[in-house]
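To be precise, the following lines are structure-v6.cif, and they hold mmCIF, C-alpha atoms.
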```cif
data_upload
loop_
_atom_site.group_PDB
_atom_site.id
_atom_site.type_symbol
_atom_site.label_atom_id
_atom_site.label_comp_id
_atom_site.auth_asym_id
_atom_site.auth_seq_id
_atom_site.Cartn_x
_atom_site.Cartn_y
_atom_site.Cartn_z
ATOM 1 C CA MET A 20 4.820 82.679 12.140
ATOM 2 C CA SER A 21 5.288 86.314 11.301
ATOM 3 C CA LEU A 22 4.670 87.697 7.871
ATOM 4 C CA LYS A 23 8.399 88.329 7.337
ATOM 5 C CA LYS A 24 9.320 84.705 8.090
ATOM 6 C CA THR A 25 6.557 83.456 5.818
ATOM 7 C CA ALA A 26 7.745 85.697 2.965
ATOM 8 C CA VAL A 27 11.368 84.599 3.390
ATOM 9 C CA ALA A 28 10.374 80.935 3.482
ATOM 10 C CA GLY A 29 8.252 81.365 0.340
ATOM 11 C CA ALA A 30 11.090 83.108 -1.486
ATOM 12 C CA LEU A 31 13.543 80.354 -0.542
ATOM 13 C CA TRP A 32 11.172 77.660 -1.779
ATOM 14 C CA THR A 33 10.650 79.564 -5.032
ATOM 15 C CA TYR A 34 14.411 79.889 -5.596
ATOM 16 C CA ALA A 35 14.862 76.193 -4.782
ATOM 17 C CA GLU A 36 12.156 75.297 -7.306
ATOM 18 C CA LEU A 37 13.753 77.414 -10.046
ATOM 19 C CA PHE A 38 17.241 76.053 -9.353
ATOM 20 C CA GLY A 39 15.963 72.468 -9.248
ATOM 21 C CA SER A 40 14.080 72.890 -12.501
ATOM 22 C CA GLN A 41 17.136 74.290 -14.271
ATOM 23 C CA ALA A 42 19.372 71.563 -12.843
ATOM 24 C CA ILE A 43 17.034 68.814 -14.035
ATOM 25 C CA THR A 44 16.765 70.413 -17.483
ATOM 26 C CA PHE A 45 20.568 70.610 -17.709
ATOM 27 C CA ILE A 46 21.015 66.965 -16.682
ATOM 28 C CA VAL A 47 18.388 65.764 -19.158
ATOM 29 C CA SER A 48 19.997 67.855 -21.917
ATOM 30 C CA MET A 49 23.405 66.335 -21.182
ATOM 31 C CA PHE A 50 21.934 62.837 -21.301
ATOM 32 C CA MET A 51 20.125 63.567 -24.570
ATOM 33 C CA ALA A 52 23.265 65.064 -26.124
ATOM 34 C CA ARG A 53 25.081 61.802 -25.478
ATOM 35 C CA MET A 54 22.255 59.606 -26.790
ATOM 36 C CA LEU A 55 21.130 61.495 -29.927
ATOM 37 C CA LEU A 56 22.840 62.367 -33.169
ATOM 38 C CA PRO A 57 23.901 66.023 -33.496
ATOM 39 C CA SER A 58 21.170 66.771 -36.060
ATOM 40 C CA GLU A 59 18.505 65.252 -33.797
ATOM 41 C CA PHE A 60 19.791 67.142 -30.763
ATOM 42 C CA GLY A 61 19.713 70.390 -32.775
ATOM 43 C CA LEU A 62 16.092 69.742 -33.671
ATOM 44 C CA ILE A 63 15.260 69.140 -30.005
ATOM 45 C CA GLY A 64 17.070 72.410 -29.157
ATOM 46 C CA MET A 65 14.948 74.348 -31.644
ATOM 47 C CA ILE A 66 11.803 72.809 -30.203
ATOM 48 C CA MET A 67 12.910 73.737 -26.676
ATOM 49 C CA ILE A 68 13.408 77.379 -27.745
ATOM 50 C CA PHE A 69 9.912 77.492 -29.261
ATOM 51 C CA THR A 70 8.483 75.928 -26.102
ATOM 52 C CA ALA A 71 10.268 78.485 -23.884
ATOM 53 C CA ILE A 72 8.891 81.379 -25.939
ATOM 54 C CA ALA A 73 5.378 79.917 -25.817
ATOM 55 C CA GLU A 74 5.691 79.418 -22.052
ATOM 56 C CA ALA A 75 6.723 83.074 -21.653
ATOM 57 C CA PHE A 76 3.549 84.137 -23.476
ATOM 58 C CA VAL A 77 1.421 81.863 -21.321
ATOM 59 C CA ASN A 78 2.990 83.158 -18.110
ATOM 60 C CA SER A 79 2.462 86.763 -19.195
ATOM 61 C CA GLY A 80 -1.274 86.217 -19.475
ATOM 62 C CA MET A 81 -1.977 85.335 -23.078
#
```
Take the structure in the file and write it out as structure tokens.
Amino acid sequence: MSLKKTAVAGALWTYAELFGSQAITFIVSMFMARMLLPSEFGLIGMIMIFTAIAEAFVNSGM
């Protein structure tokens, strides 16, 4: 394959991975919102924000 086709295929797989990850997170969040009490779901939301910030630091090289 040419370099252009390889790059396009890699980009498509990356976008599919990001979309799939966000879709799964959304579905799990919807399920948890139905199963947990509002105070418990709020606590989980705060933990998810902290985890996202920590993941951003890890991905940036810290």
(request) For CA of Ile72 (chain A) and CA of Ser48 (chain A), determine how far apart the two atoms are, in Å to one decimal place. (result) 18.0 Å
(request) Using CA of Ile63 (chain A) and CA of Val47 (chain A) as the two end points, give the distance in Å to one decimal. (result)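 Computing it gives 11.8 Å between the two atoms.
Between CA of Gly64 (chain A) and CA of Ser79 (chain A) the separation is 22.8 Å.
Residues in contact with Leu62 (chain A) at 12 Å, where all atoms listed in the file are counted and same-chain residues fewer than 6 positions away are skipped, are listed as Met51, Ala52, Leu55, Leu56, Ile68 and Phe69 of chain A.
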Could the centre and edge lengths of an axis-aligned box, enclosing all atoms of region 22-33 of chain A in the file with 8 Å extra on each side, be given in Å to one decimal as lines of an AutoDock Vina configuration file?
```
center_x = 9.1
center_y = 83.0
center_z = 1.5
size_x = 24.9
size_y = 26.7
size_z = 29.1
```
